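Quick look at work-v7.cif (mmCIF, C-alpha atoms):
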```cif
data_upload
#
loop_
_atom_site.group_PDB
_atom_site.id
_atom_site.type_symbol
_atom_site.label_atom_id
_atom_site.label_comp_id
_atom_site.auth_asym_id
_atom_site.auth_seq_id
_atom_site.Cartn_x
_atom_site.Cartn_y
_atom_site.Cartn_z
ATOM 1 C CA MET A 14 -13.393 -16.369 28.935
ATOM 2 C CA GLY A 15 -10.019 -17.011 27.215
ATOM 3 C CA GLN A 16 -11.564 -19.850 25.197
ATOM 4 C CA LYS A 17 -14.421 -17.612 24.110
ATOM 5 C CA GLU A 18 -12.026 -14.917 22.935
ATOM 6 C CA GLU A 19 -10.140 -17.421 20.798
ATOM 7 C CA ASN A 20 -13.327 -18.175 18.891
ATOM 8 C CA ILE A 21 -13.890 -14.592 17.791
ATOM 9 C CA MET A 22 -13.350 -14.264 14.064
ATOM 10 C CA LYS A 23 -10.183 -12.366 13.215
ATOM 11 C CA ARG A 24 -10.426 -10.048 10.219
ATOM 12 C CA ALA A 25 -7.626 -8.131 8.506
ATOM 13 C CA PHE A 26 -8.181 -5.145 6.224
ATOM 14 C CA LEU A 27 -5.620 -4.795 3.418
ATOM 15 C CA PHE A 28 -5.172 -1.527 1.531
ATOM 16 C CA PRO A 29 -3.595 -1.222 -1.940
ATOM 17 C CA GLY A 30 -0.750 1.003 -3.052
ATOM 18 C CA GLN A 31 0.234 2.822 -6.205
ATOM 19 C CA GLY A 32 -0.375 0.953 -9.450
ATOM 20 C CA ALA A 33 -3.887 -0.244 -8.484
ATOM 21 C CA GLN A 34 -5.614 2.881 -9.833
ATOM 22 C CA ASN A 35 -8.180 2.854 -12.633
ATOM 23 C CA ILE A 36 -10.516 5.481 -14.040
ATOM 24 C CA GLY A 37 -13.984 5.146 -12.549
ATOM 25 C CA MET A 38 -12.779 3.625 -9.260
ATOM 26 C CA GLY A 39 -15.251 4.185 -6.452
ATOM 27 C CA LYS A 40 -17.874 5.869 -8.673
ATOM 28 C CA ASP A 41 -20.686 3.292 -8.263
ATOM 29 C CA ILE A 42 -20.148 3.182 -4.484
ATOM 30 C CA TYR A 43 -20.105 7.001 -4.308
ATOM 31 C CA GLU A 44 -23.427 7.149 -6.164
ATOM 32 C CA LYS A 45 -25.148 4.760 -3.760
ATOM 33 C CA TYR A 46 -23.688 5.459 -0.328
ATOM 34 C CA GLU A 47 -23.765 8.722 1.626
ATOM 35 C CA GLU A 48 -20.753 7.581 3.730
ATOM 36 C CA ALA A 49 -18.619 7.321 0.576
ATOM 37 C CA ARG A 50 -19.800 10.703 -0.737
ATOM 38 C CA LYS A 51 -18.799 12.319 2.542
ATOM 39 C CA VAL A 52 -15.239 10.941 2.290
ATOM 40 C CA TYR A 53 -14.686 12.214 -1.269
ATOM 41 C CA ASP A 54 -16.214 15.593 -0.492
ATOM 42 C CA GLU A 55 -14.293 16.087 2.772
ATOM 43 C CA ALA A 56 -11.005 14.984 1.205
ATOM 44 C CA SER A 57 -11.498 17.361 -1.725
ATOM 45 C CA LYS A 58 -12.130 20.223 0.694
ATOM 46 C CA ILE A 59 -9.018 19.441 2.774
ATOM 47 C CA SER A 60 -6.715 18.899 -0.213
ATOM 48 C CA GLY A 61 -8.112 21.616 -2.488
ATOM 49 C CA MET A 62 -8.292 19.005 -5.290
ATOM 50 C CA ASP A 63 -11.273 17.643 -7.185
ATOM 51 C CA ILE A 64 -10.569 14.051 -6.152
ATOM 52 C CA LYS A 65 -13.933 12.826 -7.385
ATOM 53 C CA LYS A 66 -13.241 14.050 -10.921
ATOM 54 C CA LEU A 67 -9.726 12.605 -10.821
ATOM 55 C CA CYS A 68 -10.984 9.153 -9.772
ATOM 56 C CA PHE A 69 -14.135 8.987 -11.880
ATOM 57 C CA GLU A 70 -13.056 10.755 -15.080
ATOM 58 C CA GLY A 71 -9.258 10.907 -15.112
ATOM 59 C CA PRO A 72 -7.764 11.558 -17.633
ATOM 60 C CA GLU A 73 -5.425 8.581 -17.208
ATOM 61 C CA GLU A 74 -2.302 10.689 -17.654
ATOM 62 C CA GLU A 75 -3.334 12.863 -14.686
ATOM 63 C CA LEU A 76 -4.462 9.958 -12.514
ATOM 64 C CA ASN A 77 -1.136 8.171 -13.109
ATOM 65 C CA LYS A 78 0.979 11.064 -11.827
ATOM 66 C CA THR A 79 2.354 10.028 -8.428
ATOM 67 C CA GLU A 80 1.151 13.263 -6.812
ATOM 68 C CA ASN A 81 -2.433 12.420 -7.879
ATOM 69 C CA THR A 82 -2.391 8.605 -7.753
ATOM 70 C CA GLN A 83 -1.587 8.365 -4.059
ATOM 71 C CA ILE A 84 -4.385 10.613 -2.828
ATOM 72 C CA ALA A 85 -6.902 9.125 -5.314
ATOM 73 C CA ILE A 86 -6.297 5.546 -4.123
ATOM 74 C CA LEU A 87 -6.247 6.573 -0.460
ATOM 75 C CA VAL A 88 -9.613 8.345 -0.725
ATOM 76 C CA THR A 89 -11.250 5.540 -2.724
ATOM 77 C CA SER A 90 -10.149 2.947 -0.148
ATOM 78 C CA LEU A 91 -11.311 5.108 2.772
ATOM 79 C CA ALA A 92 -14.695 5.713 1.124
ATOM 80 C CA ILE A 93 -15.318 1.965 0.809
ATOM 81 C CA MET A 94 -14.065 1.379 4.360
ATOM 82 C CA GLU A 95 -16.508 3.950 5.760
ATOM 83 C CA VAL A 96 -19.413 2.067 4.171
ATOM 84 C CA LEU A 97 -18.209 -1.152 5.835
ATOM 85 C CA LYS A 98 -17.813 0.592 9.201
ATOM 86 C CA ALA A 99 -21.337 1.996 8.931
ATOM 87 C CA LYS A 100 -22.524 -1.606 8.503
ATOM 88 C CA GLY A 101 -20.630 -2.653 11.643
ATOM 89 C CA ILE A 102 -17.768 -4.386 9.815
ATOM 90 C CA THR A 103 -14.405 -3.622 11.398
ATOM 91 C CA CYS A 104 -11.016 -5.323 11.646
ATOM 92 C CA GLN A 105 -8.531 -6.361 14.319
ATOM 93 C CA ILE A 106 -5.485 -6.020 12.027
ATOM 94 C CA ALA A 107 -4.798 -3.545 9.198
ATOM 95 C CA CYS A 108 -1.947 -3.261 6.739
ATOM 96 C CA GLY A 109 -1.239 -1.835 3.321
ATOM 97 C CA LEU A 110 1.338 -1.736 0.583
ATOM 98 C CA SER A 111 3.438 1.445 0.745
ATOM 99 C CA LEU A 112 0.798 4.198 0.359
ATOM 100 C CA GLY A 113 -1.763 1.672 1.711
ATOM 101 C CA GLU A 114 -0.065 1.800 5.103
ATOM 102 C CA TYR A 115 -1.512 5.311 5.520
ATOM 103 C CA THR A 116 -5.023 4.013 4.809
ATOM 104 C CA ALA A 117 -4.388 1.406 7.528
ATOM 105 C CA LEU A 118 -3.169 4.080 9.975
ATOM 106 C CA ILE A 119 -6.268 6.208 9.322
ATOM 107 C CA CYS A 120 -8.468 3.104 9.624
ATOM 108 C CA ALA A 121 -6.924 2.434 13.056
ATOM 109 C CA GLY A 122 -7.296 6.066 14.167
ATOM 110 C CA ILE A 123 -3.516 6.371 14.625
ATOM 111 C CA ILE A 124 -3.541 9.265 12.137
ATOM 112 C CA SER A 125 -6.579 11.523 11.810
ATOM 113 C CA PHE A 126 -8.445 11.663 8.483
ATOM 114 C CA GLU A 127 -7.449 15.294 7.957
ATOM 115 C CA ASP A 128 -3.764 14.719 8.721
ATOM 116 C CA GLY A 129 -3.758 11.631 6.503
ATOM 117 C CA ILE A 130 -5.115 13.555 3.507
ATOM 118 C CA LYS A 131 -2.625 16.405 4.003
ATOM 119 C CA LEU A 132 0.309 14.023 4.431
ATOM 120 C CA ILE A 133 -0.472 11.957 1.348
ATOM 121 C CA LYS A 134 -0.893 15.055 -0.797
ATOM 122 C CA LYS A 135 2.638 16.119 0.199
ATOM 123 C CA ARG A 136 4.099 12.600 0.107
ATOM 124 C CA GLY A 137 2.797 12.010 -3.423
ATOM 125 C CA TYR A 138 4.171 15.362 -4.572
ATOM 126 C CA TYR A 139 7.629 14.817 -3.083
ATOM 127 C CA MET A 140 7.910 11.214 -4.312
ATOM 128 C CA GLY A 141 6.871 12.288 -7.792
ATOM 129 C CA ASN A 142 9.047 15.376 -8.051
ATOM 130 C CA LEU A 143 12.061 15.277 -5.719
ATOM 131 C CA ILE A 144 14.063 12.622 -7.548
ATOM 132 C CA PRO A 145 17.294 12.842 -9.555
ATOM 133 C CA ASP A 146 16.676 13.411 -13.239
ATOM 134 C CA GLU A 147 17.357 9.932 -14.632
ATOM 135 C CA GLU A 148 15.339 7.236 -16.372
ATOM 136 C CA TYR A 149 13.973 4.668 -13.934
ATOM 137 C CA GLU A 150 12.266 1.309 -14.102
ATOM 138 C CA MET A 151 10.631 -1.186 -11.743
ATOM 139 C CA ALA A 152 10.179 -4.887 -12.474
ATOM 140 C CA ALA A 153 8.434 -7.723 -10.618
ATOM 141 C CA VAL A 154 10.567 -10.862 -10.359
ATOM 142 C CA ILE A 155 8.522 -14.053 -10.020
ATOM 143 C CA GLY A 156 9.692 -17.470 -8.905
ATOM 144 C CA LEU A 157 13.200 -16.615 -7.690
ATOM 145 C CA ASP A 158 14.333 -16.583 -4.066
ATOM 146 C CA SER A 159 14.803 -13.035 -2.723
ATOM 147 C CA THR A 160 18.321 -13.824 -1.463
ATOM 148 C CA LYS A 161 19.389 -14.570 -5.056
ATOM 149 C CA ILE A 162 17.789 -11.286 -6.213
ATOM 150 C CA GLU A 163 19.660 -9.396 -3.461
ATOM 151 C CA GLU A 164 22.911 -11.048 -4.571
ATOM 152 C CA ILE A 165 22.462 -10.034 -8.235
ATOM 153 C CA CYS A 166 21.511 -6.461 -7.276
ATOM 154 C CA LYS A 167 24.568 -6.242 -5.006
ATOM 155 C CA GLU A 168 26.864 -7.338 -7.851
ATOM 156 C CA LEU A 169 25.402 -4.575 -10.031
ATOM 157 C CA ARG A 170 25.722 -1.997 -7.245
ATOM 158 C CA ASP A 171 29.353 -3.000 -6.692
ATOM 159 C CA SER A 172 30.020 -2.238 -10.345
ATOM 160 C CA GLY A 173 28.343 1.186 -10.023
ATOM 161 C CA LYS A 174 24.923 0.249 -11.446
ATOM 162 C CA PHE A 175 21.833 1.153 -9.391
ATOM 163 C CA ALA A 176 19.256 -1.650 -9.007
ATOM 164 C CA VAL A 177 17.827 -2.729 -5.633
ATOM 165 C CA PRO A 178 15.012 -4.925 -4.235
ATOM 166 C CA ALA A 179 12.280 -2.399 -3.368
ATOM 167 C CA ASN A 180 9.178 -4.484 -2.599
ATOM 168 C CA TYR A 181 9.192 -7.969 -1.099
ATOM 169 C CA ASN A 182 5.588 -8.757 -2.026
ATOM 170 C CA CYS A 183 5.435 -12.435 -1.072
ATOM 171 C CA SER A 184 7.825 -15.389 -0.969
ATOM 172 C CA THR A 185 7.671 -15.832 -4.751
ATOM 173 C CA GLN A 186 7.625 -12.185 -5.887
ATOM 174 C CA THR A 187 10.086 -9.340 -5.353
ATOM 175 C CA VAL A 188 10.134 -5.987 -7.144
ATOM 176 C CA VAL A 189 13.456 -4.550 -8.294
ATOM 177 C CA SER A 190 13.741 -0.783 -8.699
ATOM 178 C CA GLY A 191 16.446 1.506 -10.023
ATOM 179 C CA VAL A 192 18.014 3.235 -13.001
ATOM 180 C CA LYS A 193 16.492 1.868 -16.224
ATOM 181 C CA GLU A 194 19.746 0.578 -17.713
ATOM 182 C CA ALA A 195 20.710 -1.229 -14.482
ATOM 183 C CA VAL A 196 17.234 -2.752 -14.041
ATOM 184 C CA GLU A 197 17.298 -4.018 -17.618
ATOM 185 C CA GLU A 198 20.675 -5.651 -16.998
ATOM 186 C CA ALA A 199 19.308 -7.096 -13.749
ATOM 187 C CA ILE A 200 16.324 -8.547 -15.653
ATOM 188 C CA GLU A 201 18.643 -10.523 -17.956
ATOM 189 C CA LYS A 202 20.736 -11.793 -15.039
ATOM 190 C CA LEU A 203 17.614 -12.730 -13.053
ATOM 191 C CA LYS A 204 16.205 -14.714 -15.969
ATOM 192 C CA THR A 205 19.513 -16.565 -16.346
ATOM 193 C CA ALA A 206 19.476 -17.268 -12.588
ATOM 194 C CA GLY A 207 16.112 -19.029 -12.960
ATOM 195 C CA ALA A 208 13.373 -16.421 -12.493
ATOM 196 C CA ARG A 209 10.121 -17.825 -13.869
ATOM 197 C CA ARG A 210 8.996 -14.414 -15.139
ATOM 198 C CA VAL A 211 10.156 -10.814 -14.923
ATOM 199 C CA ILE A 212 7.469 -8.198 -15.578
ATOM 200 C CA PRO A 213 8.284 -4.477 -16.044
ATOM 201 C CA LEU A 214 5.793 -2.383 -14.021
ATOM 202 C CA LYS A 215 3.777 0.700 -14.940
ATOM 203 C CA THR A 216 5.340 2.817 -12.177
ATOM 204 C CA SER A 217 8.563 4.492 -13.220
ATOM 205 C CA GLY A 218 9.917 6.172 -10.071
ATOM 206 C CA PRO A 219 12.764 4.632 -8.026
ATOM 207 C CA PHE A 220 10.343 4.177 -5.116
ATOM 208 C CA HIS A 221 11.579 2.701 -1.826
ATOM 209 C CA THR A 222 15.227 3.312 -2.672
ATOM 210 C CA GLU A 223 17.812 5.855 -1.522
ATOM 211 C CA LYS A 224 17.223 7.827 -4.746
ATOM 212 C CA LEU A 225 14.299 9.376 -2.836
ATOM 213 C CA ILE A 226 16.456 10.782 -0.057
ATOM 214 C CA LYS A 227 15.447 14.403 -0.915
ATOM 215 C CA ALA A 228 11.765 13.419 -0.846
ATOM 216 C CA LYS A 229 12.332 11.800 2.567
ATOM 217 C CA GLU A 230 14.028 14.925 3.939
ATOM 218 C CA ALA A 231 11.282 17.246 2.683
ATOM 219 C CA TYR A 232 8.599 14.901 4.018
ATOM 220 C CA GLU A 233 10.153 14.791 7.501
ATOM 221 C CA LYS A 234 9.172 18.442 7.939
ATOM 222 C CA GLU A 235 5.518 17.616 7.104
ATOM 223 C CA LEU A 236 5.480 14.944 9.812
ATOM 224 C CA GLU A 237 6.637 17.398 12.497
ATOM 225 C CA ASN A 238 3.140 18.706 13.307
ATOM 226 C CA VAL A 239 1.219 15.432 13.182
ATOM 227 C CA ARG A 240 -0.142 13.754 16.298
ATOM 228 C CA PHE A 241 -0.048 9.946 16.340
ATOM 229 C CA ASN A 242 -2.376 7.960 18.601
ATOM 230 C CA VAL A 243 -0.818 4.484 18.678
ATOM 231 C CA GLU A 244 -1.720 3.662 22.289
ATOM 232 C CA GLU A 245 -5.363 4.663 21.786
ATOM 233 C CA SER A 246 -5.954 2.318 18.837
ATOM 234 C CA SER A 247 -7.739 -1.028 19.131
ATOM 235 C CA VAL A 248 -6.596 -2.020 15.604
ATOM 236 C CA LYS A 249 -3.078 -3.387 15.189
ATOM 237 C CA VAL A 250 -1.265 -1.941 12.158
ATOM 238 C CA ILE A 251 1.633 -3.760 10.513
ATOM 239 C CA LYS A 252 4.692 -1.740 9.479
ATOM 240 C CA ASN A 253 5.977 -2.056 5.915
ATOM 241 C CA ILE A 254 9.593 -1.525 6.912
ATOM 242 C CA ASP A 255 9.917 -4.680 9.027
ATOM 243 C CA GLY A 256 6.600 -6.559 9.136
ATOM 244 C CA THR A 257 5.992 -5.953 12.868
ATOM 245 C CA TYR A 258 3.169 -4.076 14.617
ATOM 246 C CA TYR A 259 3.377 -0.383 15.417
ATOM 247 C CA ASN A 260 3.676 0.151 19.169
ATOM 248 C CA SER A 261 3.622 3.144 21.504
ATOM 249 C CA ASN A 262 7.442 3.267 21.730
ATOM 250 C CA ASP A 263 7.817 3.756 17.973
ATOM 251 C CA ASN A 264 9.133 7.010 16.588
ATOM 252 C CA MET A 265 6.352 7.353 14.017
ATOM 253 C CA LYS A 266 7.874 10.365 12.277
ATOM 254 C CA GLU A 267 11.166 8.570 11.764
ATOM 255 C CA ILE A 268 9.507 5.362 10.539
ATOM 256 C CA LEU A 269 7.170 7.092 8.060
ATOM 257 C CA ALA A 270 9.984 9.229 6.648
ATOM 258 C CA LYS A 271 12.290 6.188 6.372
ATOM 259 C CA HIS A 272 9.422 4.298 4.703
ATOM 260 C CA ILE A 273 9.981 6.345 1.510
ATOM 261 C CA ILE A 274 13.524 5.026 1.024
ATOM 262 C CA SER A 275 13.148 1.563 2.627
ATOM 263 C CA SER A 276 12.089 -1.743 1.075
ATOM 264 C CA VAL A 277 8.456 -2.753 1.602
ATOM 265 C CA ARG A 278 8.248 -6.056 3.499
ATOM 266 C CA PHE A 279 4.735 -7.181 2.645
ATOM 267 C CA ASP A 280 6.036 -10.775 2.701
ATOM 268 C CA LYS A 281 6.670 -10.380 6.446
ATOM 269 C CA ALA A 282 3.211 -8.853 6.959
ATOM 270 C CA ILE A 283 1.660 -11.958 5.350
ATOM 271 C CA LYS A 284 3.709 -14.198 7.651
ATOM 272 C CA LEU A 285 2.641 -12.248 10.739
ATOM 273 C CA MET A 286 -1.063 -12.385 9.777
ATOM 274 C CA GLN A 287 -0.748 -16.130 9.198
ATOM 275 C CA GLU A 288 0.867 -16.584 12.635
ATOM 276 C CA GLU A 289 -2.005 -14.535 14.103
ATOM 277 C CA ASN A 290 -4.497 -16.982 12.534
ATOM 278 C CA VAL A 291 -6.390 -14.334 10.588
ATOM 279 C CA ASP A 292 -9.685 -15.881 9.415
ATOM 280 C CA GLU A 293 -10.597 -13.371 6.737
ATOM 281 C CA TYR A 294 -8.526 -11.030 4.559
ATOM 282 C CA VAL A 295 -10.487 -8.151 3.044
ATOM 283 C CA GLU A 296 -8.740 -6.013 0.412
ATOM 284 C CA ILE A 297 -10.415 -2.603 0.275
ATOM 285 C CA GLY A 298 -9.824 -0.342 -2.714
ATOM 286 C CA PRO A 299 -8.949 -0.664 -6.406
ATOM 287 C CA GLY A 300 -7.314 -3.818 -7.745
ATOM 288 C CA ARG A 301 -6.888 -7.250 -6.187
ATOM 289 C CA THR A 302 -3.112 -7.438 -5.838
ATOM 290 C CA LEU A 303 -2.700 -7.902 -2.094
ATOM 291 C CA THR A 304 -5.079 -10.820 -1.682
ATOM 292 C CA GLY A 305 -3.190 -12.383 -4.598
ATOM 293 C CA PHE A 306 0.049 -12.136 -2.597
ATOM 294 C CA VAL A 307 -1.667 -13.558 0.501
ATOM 295 C CA LYS A 308 -2.984 -16.525 -1.516
ATOM 296 C CA LYS A 309 0.497 -17.251 -2.916
ATOM 297 C CA ASP A 310 1.891 -17.765 0.590
ATOM 298 C CA ASN A 311 -1.259 -19.028 2.299
ATOM 299 C CA LYS A 312 -3.375 -21.070 -0.085
ATOM 300 C CA GLU A 313 -6.032 -21.755 2.561
ATOM 301 C CA ALA A 314 -6.646 -18.052 3.241
ATOM 302 C CA LYS A 315 -10.212 -16.788 2.925
ATOM 303 C CA THR A 316 -9.921 -13.599 0.870
ATOM 304 C CA TYR A 317 -12.277 -10.901 -0.414
ATOM 305 C CA ASN A 318 -11.776 -7.914 -2.713
ATOM 306 C CA ILE A 319 -14.024 -4.905 -2.371
ATOM 307 C CA ASN A 320 -13.439 -2.564 -5.300
ATOM 308 C CA SER A 321 -16.926 -2.055 -6.810
ATOM 309 C CA LEU A 322 -20.560 -1.797 -5.763
ATOM 310 C CA GLU A 323 -21.136 -5.382 -6.887
ATOM 311 C CA SER A 324 -18.246 -6.801 -4.834
ATOM 312 C CA LEU A 325 -19.237 -4.663 -1.835
ATOM 313 C CA GLU A 326 -22.843 -5.827 -1.837
ATOM 314 C CA LYS A 327 -21.851 -9.444 -2.385
ATOM 315 C CA TYR A 328 -19.560 -9.229 0.642
ATOM 316 C CA LEU A 329 -22.254 -7.565 2.805
ATOM 317 C CA GLU A 330 -24.648 -10.315 1.814
ATOM 318 C CA GLU A 331 -22.141 -12.978 2.867
ATOM 319 C CA GLU A 332 -21.639 -11.224 6.185
ATOM 320 C CA ASN A 333 -25.432 -11.016 6.653
ATOM 321 C CA VAL A 334 -25.559 -7.234 7.038
#
```

Would you kindly transcribe this structure into structure tokens?
Amino acid sequence: MGQKEENIMKRAFLFPGQGAQNIGMGKDIYEKYEEARKVYDEASKISGMDIKKLCFEGPEEELNKTENTQIAILVTSLAIMEVLKAKGITCQIACGLSLGEYTALICAGIISFEDGIKLIKKRGYYMGNLIPDEEYEMAAVIGLDSTKIEEICKELRDSGKFAVPANYNCSTQTVVSGVKEAVEEAIEKLKTAGARRVIPLKTSGPFHTEKLIKAKEAYEKELENVRFNVEESSVKVIKNIDGTYYNSNDNMKEILAKHIISSVRFDKAIKLMQEENVDEYVEIGPGRTLTGFVKKDNKEAKTYNINSLESLEKYLEEENV
């Protein structure tokens, strides 16, 4: 029996975060599949927003506002996931990047669909609006060890300049976030220290830093009334804050509030999935960022991106469903 279990294919679902959005995302899948239509329609009803219009038509300026981006990506990813589930395709492990962790928690049934929609509407609003009035920047640092990045950021902090590692995406890429002036100084120092490339990102909030402490405090109140079903889930969800699985002893409210001001450890999630011998990584939702990170650290990984009708049907064909 044990031997037989070992031979079962292990699949991980990966869900994108902010920055993956694009106008038109999910439209072709919505038009073809009833399951996807249901997700958009239900989410719009719960949130009181026209999510379909936001995703399919934009305008870009509206879609790129944090309070809209988060719910738009969440709903698009869930709509695609529901089509897969209807075809009998499920996962044993789920994880996401920042916002994507909520998609994973809904996927696993740890948070209900309704609670997930309500939470993300509030989370997006607080993260977009409850921040000190300063100019911020985020930049992806490629090809430099994260310990060196931490060292440079610490030097800047010690001299009163705010720049911190916010996202550890994979072993070769870390995102630095902070006050624009400090991040720009960090970029120069990081290049001198040997970074292969430093790319400023489209997102401008100081996400996953202590600058969002007010957003965290406001969000804690939203988490008060939510029921979490960790022990009832058959899908293991990886936490962003430390790269371990959620378990029934976790204080979910505390973790999800802390998530807003804590670094994202997607690098540790990749390591854990590799140790678990995941056979297939399926990124569900706009973009193809997460499978890119997986490939950087695990070149042998079998990865798929499902972000359009074409990629969805190609995947279903490969899975013979």

The PyMOL selection byres ((chain A and resi 190-199) around 6) resolved against shown file, as a PyMOL selection string
chain A and resi 148-151+174-177+179+189+200-203+219

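Among A:Val239, A:Ala56, A:Leu285, A:Val291, the residue with the shortest atom-to-atom distance to Leu269 in chain A, counting all atoms listed in the file, is A:Val239.
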
Apply the PyMOL selection byres ((chain A and resi 315) around 8) to the structure shown and report the selected residues as a PDB file with C-alpha atoms, keeping the file's coordinate frame.
```pdb
ATOM      1  CA  ASP A 292      -9.685 -15.881   9.415  1.00  0.00           C
ATOM      2  CA  GLU A 293     -10.597 -13.371   6.737  1.00  0.00           C
ATOM      3  CA  TYR A 294      -8.526 -11.030   4.559  1.00  0.00           C
ATOM      4  CA  GLU A 313      -6.032 -21.755   2.561  1.00  0.00           C
ATOM      5  CA  ALA A 314      -6.646 -18.052   3.241  1.00  0.00           C
ATOM      6  CA  THR A 316      -9.921 -13.599   0.870  1.00  0.00           C
ATOM      7  CA  TYR A 317     -12.277 -10.901  -0.414  1.00  0.00           C
TER       8      TYR A 317
END
```

With the file shown as input, list the residues that the PyMOL selection byres ((chain A and resi 121-133) around 8) selects, as a PyMOL selection string.
chain A and resi 56+59-60+83-84+107+112+115-120+134-137+235-236+239-243+245-250

Closest atom pairs, range 90-155 of chain A residues within 9 Å of range 52-55 of chain A, only C-alpha atoms, as JSON lines:
```
{"residue": "A:Leu91", "atom": "CA", "partner": "A:Val52", "partner_atom": "CA", "distance": 7.0}
{"residue": "A:Ala92", "atom": "CA", "partner": "A:Val52", "partner_atom": "CA", "distance": 5.4}
{"residue": "A:Glu95", "atom": "CA", "partner": "A:Val52", "partner_atom": "CA", "distance": 7.9}
{"residue": "A:Glu127", "atom": "CA", "partner": "A:Glu55", "partner_atom": "CA", "distance": 8.6}
```

Limited to C-alpha atoms, could you put the picked residues into a file as an mmCIF file, in the frame of the given file?
```cif
data_model
loop_
_atom_site.group_PDB
_atom_site.id
_atom_site.type_symbol
_atom_site.label_atom_id
_atom_site.label_comp_id
_atom_site.auth_asym_id
_atom_site.auth_seq_id
_atom_site.Cartn_x
_atom_site.Cartn_y
_atom_site.Cartn_z
ATOM 1 C CA LEU A 91 -11.311 5.108 2.772
ATOM 2 C CA ALA A 92 -14.695 5.713 1.124
ATOM 3 C CA GLU A 95 -16.508 3.950 5.760
ATOM 4 C CA GLU A 127 -7.449 15.294 7.957
#
```

Box along x, y and z, 6 Å on every side, all listed atoms of range 31-46 of chain A inside: centre and edge lengths in Å to one decimal, as AutoDock Vina command-line options.
```
--center_x -12.5 --center_y 3.5 --center_z -7.2 --size_x 37.4 --size_y 19.4 --size_z 25.7
```

Of the listed residues A:Ser159, A:Thr82, A:Ile93, A:Ile297, that which approaches Tyr43 in chain A most closely, counting only C-alpha atoms
A:Ile93

Interatomic distance (Å, one decimal) between CA of Thr89 in chain A and CA of Asn311 in chain A:
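According to the coordinates, CA of Thr89 in chain A and CA of Asn311 in chain A are separated by 27.0 Å.
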
Contacts of Gln34 in chain A at 7 Å or less, counting all atoms listed in the file, minus same-chain residues fewer than 2 places along, as a list in words?
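The contact residues come out as Gln31, Gly32, Ile36, Thr82, Ile86 and Pro299 of chain A.
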
Can you take range 173-208 of chain A from the block and write C-alpha atoms as a PDB file, in the first residue's frame?
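Produced file selection_12.pdb, reproduced below:
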```
ATOM      1  CA  GLY A 173      17.939  56.328   8.553  1.00  0.00           C
ATOM      2  CA  LYS A 174      17.040  55.315   4.980  1.00  0.00           C
ATOM      3  CA  PHE A 175      14.133  52.885   4.499  1.00  0.00           C
ATOM      4  CA  ALA A 176      14.818  49.982   2.100  1.00  0.00           C
ATOM      5  CA  VAL A 177      14.155  46.328   2.996  1.00  0.00           C
ATOM      6  CA  PRO A 178      14.008  42.896   1.292  1.00  0.00           C
ATOM      7  CA  ALA A 179      10.263  42.329   0.788  1.00  0.00           C
ATOM      8  CA  ASN A 180       9.998  39.279  -1.490  1.00  0.00           C
ATOM      9  CA  TYR A 181      12.464  36.398  -1.597  1.00  0.00           C
ATOM     10  CA  ASN A 182      11.237  35.019  -4.923  1.00  0.00           C
ATOM     11  CA  CYS A 183      13.876  32.355  -5.563  1.00  0.00           C
ATOM     12  CA  SER A 184      17.562  31.843  -4.790  1.00  0.00           C
ATOM     13  CA  THR A 185      18.622  34.284  -7.519  1.00  0.00           C
ATOM     14  CA  GLN A 186      15.934  36.972  -7.145  1.00  0.00           C
ATOM     15  CA  THR A 187      14.957  39.178  -4.210  1.00  0.00           C
ATOM     16  CA  VAL A 188      12.692  42.231  -4.295  1.00  0.00           C
ATOM     17  CA  VAL A 189      13.679  45.322  -2.320  1.00  0.00           C
ATOM     18  CA  SER A 190      10.929  47.693  -1.201  1.00  0.00           C
ATOM     19  CA  GLY A 191      10.923  51.069   0.506  1.00  0.00           C
ATOM     20  CA  VAL A 192      11.064  54.835   0.170  1.00  0.00           C
ATOM     21  CA  LYS A 193      11.964  55.769  -3.420  1.00  0.00           C
ATOM     22  CA  GLU A 194      15.153  57.664  -2.577  1.00  0.00           C
ATOM     23  CA  ALA A 195      16.459  54.829  -0.366  1.00  0.00           C
ATOM     24  CA  VAL A 196      15.603  52.137  -2.938  1.00  0.00           C
ATOM     25  CA  GLU A 197      17.398  54.103  -5.642  1.00  0.00           C
ATOM     26  CA  GLU A 198      20.486  54.349  -3.438  1.00  0.00           C
ATOM     27  CA  ALA A 199      20.176  50.625  -2.698  1.00  0.00           C
ATOM     28  CA  ILE A 200      20.035  49.894  -6.450  1.00  0.00           C
ATOM     29  CA  GLU A 201      23.409  51.597  -6.997  1.00  0.00           C
ATOM     30  CA  LYS A 202      24.995  49.783  -4.050  1.00  0.00           C
ATOM     31  CA  LEU A 203      23.549  46.436  -5.180  1.00  0.00           C
ATOM     32  CA  LYS A 204      24.940  46.879  -8.687  1.00  0.00           C
ATOM     33  CA  THR A 205      28.372  47.704  -7.253  1.00  0.00           C
ATOM     34  CA  ALA A 206      28.120  44.601  -5.032  1.00  0.00           C
ATOM     35  CA  GLY A 207      27.687  42.426  -8.137  1.00  0.00           C
ATOM     36  CA  ALA A 208      23.958  42.188  -8.883  1.00  0.00           C
TER      37      ALA A 208
END
```
